[in-house]
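Step one of this worksheet: look at the structure below.
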Amino acid sequence: MCTAILVFRPAEDWPVRFCSTRDEVRTRPWRPPGTWWPERGPHVVGGLDEGAGGTWLAVDPRSARAAVVLNRTEPVGAGACRSRGWLPLQAVSQQDFVLSPAEAETFPPFNLLCMSPARCSWWRWDGTELSSRSLGPGTYILTSADINDTNGSLRQRRWLPRFTEAEQPEPSREDFRGAWGGWPGLLADPDSPFDDWTALNVKGFSHLPGYGTSSAALVALSAEGTARYEFCEGPPHSGAWRRVL
């Protein structure tokens, strides 16, 4: 169960401040962020899912757009033959992302967060109904449940107030600590134990050998149309952050 956190403040110099963790079976092959999809343009950056060919998080610095996809828990329909990993690529490649119900039926259930300095939106496909919602200024958290569903998701209930109260990022600063404030420390989540479903940095589960948080990302989009992107190749408590954009 991956997690995404968004602070959207459209009146500020950096309207979009975003971070996420990716939870996955650690043996699933993937590559770190790169321009793996030339057909989408030479600037689209994301980690590559080597099995399905898509990505969980895509960033296009040229258009200052980003998108992240997360699994939902509803059953997968019979017509769901496409990987969800193509959705972020499709979203950042379009100025105004549009998805029809017929297209949605070809994907397993998903949450899709589309971000730009002027507009952020949440797309929800539960296998039966497709919906989209424009997001106003605020702080948001998304997991396999609905956005800011602190009643339906214990992980959201635990972490939304922490990110709301944390020292906020200042992405115009060059130094990593100053640029991202308290967020890297929250993502590292050193105190959550094994078998903790509320953990942001999942150490593992007894009934799911080899499953856990495999990477993390920090992304900011500016009102001037630029992007900043830092990536941690491995669990975020490792501190192995590097700048991508």
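Residues are named by chain letter and number: chains run A, B, ... in the order of the structure tokens, numbers start at 1 in each chain, and ligands are numbered from 1 in the order shown.
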query: Excluding same-chain residues fewer than 4 positions from A:Ala80, what lies within 7 Å of it counting only C-alpha atoms, as a VMD selection string?
result: chain A and resid 76 105 to 108
Can I get the selection written as a tab-separated table (two decimals), in the first residue's frame, with C-alpha atoms?
chain	number	residue	atom	x	y	z
A	76	VAL	CA	-9.94	-6.47	-10.34
A	105	GLU	CA	-12.51	-0.38	-17.29
A	106	THR	CA	-9.27	-1.58	-18.88
A	107	PHE	CA	-7.36	-0.86	-15.64
A	108	PRO	CA	-7.53	-2.42	-12.17
task: Identify, with DSSP run on backbone atoms, the residues in stretch 23-63 of chain A assigned to strand (DSSP E or B), and express the list as a list of chain:residue names.
output: A:Asp23, A:Glu24, A:Val25, A:Trp30, A:Arg31, A:Pro32, A:Pro33, A:Gly34, A:Val45, A:Gly46, A:Gly47, A:Leu48, A:Asp49, A:Leu57, A:Ala58, A:Val59, A:Asp60
Find the residues of stretch 40-119 of chain A that sit at most 8 Å from stretch 7-21 of chain A; for each, write down the nearest two atoms and how far apart they are in Å, to one decimal. Count only C-alpha atoms. Sort by chain, then by number going up, and give it as JSON lines.
{"residue": "A:Met115", "atom": "CA", "partner": "A:Val16", "partner_atom": "CA", "distance": 7.2}
{"residue": "A:Ser116", "atom": "CA", "partner": "A:Val16", "partner_atom": "CA", "distance": 7.0}
{"residue": "A:Pro117", "atom": "CA", "partner": "A:Pro15", "partner_atom": "CA", "distance": 5.2}
{"residue": "A:Ala118", "atom": "CA", "partner": "A:Pro10", "partner_atom": "CA", "distance": 6.1}
{"residue": "A:Arg119", "atom": "CA", "partner": "A:Pro10", "partner_atom": "CA", "distance": 7.8}
message: Excluding A:Ala217 and its own-chain neighbours fewer than 2 positions away, which residues fall within 10 Å of it when counting only C-alpha atoms? Please give them as number ranges by chain.
response: A: 4, 18-22, 57, 184, 187, 215, 219, 229-233, 236, 241-244
task: Between A:Cys114, A:Val25, A:Leu186, A:Cys81, single out the one closest to A:Glu165, counting only C-alpha atoms.
output: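 Once distances to A:Glu165 are computed over only C-alpha atoms, the minimum belongs to A:Leu186.
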- request: Write out as an MDAnalysis selection string which residues come within 10 Å of stretch 61-65 of chain A when counting only C-alpha atoms, dropping same-chain ones fewer than 3 positions away.
  value: chainID A and resid 16 41:45 58 88 91:95 114:120 220:229 245
message: List as a list of chain:residue names the protein and nucleic acid residues near A:Thr198, meaning an atom at most 8 Å away when only C-alpha atoms are counted, but skip any in the same chain fewer than 3 places from it.
response: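 Listed by chain and then number, they are A:Leu154, A:Arg155, A:Gln156, A:Arg158.
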task: Just give me the gap between atom CA of A:Tyr140 and atom CA of A:Gly152 in Å, one decimal is fine.
output: 14.5 Å
message: Quick check for you: according to DSSP on this backbone, which residues of stretch 23-232 of chain A are classed as alpha helix (DSSP H)? Reply as a PyMOL selection string.
response: chain A and resi 86-92+101-104+154-165+176-180+183-188
Could those selected residues go to a file with N, CA and C atoms, as a compact mmCIF listing (two decimals), in the first residue's frame?
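Saved to result.txt:
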# COMPACT_ATOMS: atom_id res chain seq x y z
N TRP A 86 0.70 2.96 -16.68
CA TRP A 86 0.62 3.83 -17.85
C TRP A 86 -0.16 5.11 -17.55
N LEU A 87 -0.92 5.13 -16.48
CA LEU A 87 -1.75 6.30 -16.18
C LEU A 87 -0.94 7.55 -15.85
N PRO A 88 0.11 7.49 -15.00
CA PRO A 88 0.89 8.71 -14.77
C PRO A 88 1.53 9.26 -16.03
N LEU A 89 1.99 8.37 -16.91
CA LEU A 89 2.59 8.82 -18.16
C LEU A 89 1.56 9.52 -19.03
N GLN A 90 0.39 8.96 -19.09
CA GLN A 90 -0.69 9.57 -19.87
C GLN A 90 -1.08 10.92 -19.27
N ALA A 91 -1.11 10.99 -17.96
CA ALA A 91 -1.55 12.22 -17.29
C ALA A 91 -0.58 13.38 -17.51
N VAL A 92 0.73 13.14 -17.42
CA VAL A 92 1.67 14.25 -17.59
C VAL A 92 1.87 14.62 -19.05
N PRO A 101 -14.94 6.43 -18.87
CA PRO A 101 -15.27 5.20 -18.15
C PRO A 101 -14.87 3.94 -18.92
N ALA A 102 -15.01 3.97 -20.24
CA ALA A 102 -14.62 2.81 -21.04
C ALA A 102 -13.13 2.54 -20.93
N GLU A 103 -12.32 3.61 -20.91
CA GLU A 103 -10.88 3.44 -20.74
C GLU A 103 -10.57 2.94 -19.33
N ALA A 104 -11.25 3.48 -18.34
CA ALA A 104 -11.00 3.08 -16.96
C ALA A 104 -11.23 1.60 -16.75
N LEU A 154 -6.27 3.84 8.66
CA LEU A 154 -5.52 4.15 9.88
C LEU A 154 -4.19 4.82 9.55
N ARG A 155 -3.62 4.48 8.41
CA ARG A 155 -2.37 5.13 8.01
C ARG A 155 -2.61 6.62 7.75
N GLN A 156 -3.69 6.92 7.06
CA GLN A 156 -4.00 8.33 6.82
C GLN A 156 -4.27 9.07 8.12
N ARG A 157 -4.99 8.43 9.02
CA ARG A 157 -5.30 9.06 10.30
C ARG A 157 -4.03 9.37 11.09
N ARG A 158 -3.06 8.50 11.00
CA ARG A 158 -1.82 8.70 11.74
C ARG A 158 -0.95 9.81 11.13
N TRP A 159 -0.87 9.85 9.78
CA TRP A 159 0.14 10.69 9.15
C TRP A 159 -0.35 12.04 8.66
N LEU A 160 -1.62 12.21 8.37
CA LEU A 160 -2.09 13.51 7.89
C LEU A 160 -1.80 14.63 8.88
N PRO A 161 -2.11 14.49 10.16
CA PRO A 161 -1.80 15.58 11.09
C PRO A 161 -0.30 15.82 11.24
N ARG A 162 0.50 14.78 11.10
CA ARG A 162 1.95 14.96 11.24
C ARG A 162 2.51 15.80 10.10
N PHE A 163 2.03 15.56 8.88
CA PHE A 163 2.51 16.36 7.76
C PHE A 163 1.92 17.77 7.80
N THR A 164 0.73 17.92 8.33
CA THR A 164 0.13 19.24 8.47
C THR A 164 0.92 20.10 9.44
N GLU A 165 1.41 19.48 10.51
CA GLU A 165 2.11 20.21 11.56
C GLU A 165 3.62 20.29 11.33
N PHE A 176 19.49 20.25 0.83
CA PHE A 176 18.43 19.25 0.95
C PHE A 176 17.59 19.47 2.20
N ARG A 177 18.23 19.68 3.32
CA ARG A 177 17.51 19.84 4.58
C ARG A 177 16.61 21.06 4.55
N GLY A 178 17.13 22.16 4.05
CA GLY A 178 16.33 23.37 3.99
C GLY A 178 15.21 23.28 2.98
N ALA A 179 15.48 22.58 1.87
CA ALA A 179 14.48 22.48 0.80
C ALA A 179 13.27 21.67 1.21
N TRP A 180 13.49 20.64 2.04
CA TRP A 180 12.39 19.71 2.31
C TRP A 180 11.91 19.70 3.76
N TRP A 183 9.97 16.84 6.15
CA TRP A 183 9.42 15.70 5.41
C TRP A 183 10.33 14.48 5.34
N PRO A 184 11.63 14.62 5.04
CA PRO A 184 12.46 13.41 4.99
C PRO A 184 12.46 12.63 6.30
N GLY A 185 12.42 13.34 7.42
CA GLY A 185 12.37 12.65 8.70
C GLY A 185 11.08 11.88 8.90
N LEU A 186 9.97 12.44 8.44
CA LEU A 186 8.70 11.72 8.52
C LEU A 186 8.70 10.50 7.61
N LEU A 187 9.21 10.66 6.40
CA LEU A 187 9.26 9.53 5.47
C LEU A 187 10.13 8.41 6.00
N ALA A 188 11.21 8.76 6.70
CA ALA A 188 12.11 7.74 7.25
C ALA A 188 11.39 6.87 8.28
- prompt: What does the distance from atom CA of A:Ile5 to atom CA of A:Leu142 come to in Å, to one decimal?
  reply: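 Going from atom CA of A:Ile5 over to atom CA of A:Leu142, I get 6.5 Å.
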query: Could you work out how far atom CA of A:Ser134 lies from atom CA of A:Gly79, giving the answer in Å with one decimal?
result: 27.5 Å
- prompt: What's the 7 Å shell around stretch 200-204 of chain A, counting only C-alpha atoms, without same-chain residues fewer than 6 positions away, as a list in words?
  reply: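 Near stretch 200-204 of chain A, the qualifying residues are Leu187, Ala188, Asp189, Pro193, Phe194, Gly210, Tyr211, Gly212, Thr213, Pro235 and Pro236 of chain A.
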Write the residues of the selection above to a file with C-alpha atoms, as a compact mmCIF listing (two decimals), in the first residue's frame.
# COMPACT_ATOMS: atom_id res chain seq x y z
CA LEU A 187 9.26 9.53 5.47
CA ALA A 188 12.11 7.74 7.25
CA ASP A 189 9.64 6.71 9.97
CA PRO A 193 7.88 -1.72 13.94
CA PHE A 194 7.62 -4.77 11.71
CA GLY A 210 9.90 -9.62 0.98
CA TYR A 211 7.27 -6.86 0.92
CA GLY A 212 8.04 -3.34 2.11
CA THR A 213 8.86 0.22 1.19
CA PRO A 235 13.78 2.53 2.10
CA PRO A 236 13.73 6.22 3.10
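Taking only C-alpha atoms into account, A:Leu48 lies nearest to A:Pro29 out of the set A:Ser206, A:Ala145, A:Pro29, A:Val69.
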- request: Excluding A:Asp146 and residues on its chain fewer than 4 positions from it, collect all residues at most 10 Å away from it, counting only C-alpha atoms, and give them as an MDAnalysis selection string.
  value: chainID A and resid 72 111 122:124 126 141:142 150:153 156
- prompt: Of the candidates A:Ser192, A:Ser132, A:Ser238, A:Thr55, which shows the shortest atom-to-atom distance to A:Thr35, using only C-alpha atoms?
  reply: A:Thr55
field: Pick from A:Pro137, A:Gly239, A:Pro209, A:Pro109 nearest to A:Gly77, counting only C-alpha atoms
entry: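 Among A:Pro137, A:Gly239, A:Pro209, A:Pro109, it is A:Pro109 that comes nearest to A:Gly77.
Shortest atom-to-atom contact with A:Val68 among A:Gly34, A:Gly46, A:Gly53, A:Gly136: A:Gly46, counting only C-alpha atoms.
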- prompt: Closest to A:Thr139 among A:Thr73, A:Ser100, A:Gln168, A:Ser83, using only C-alpha atoms?
  reply: A:Gln168
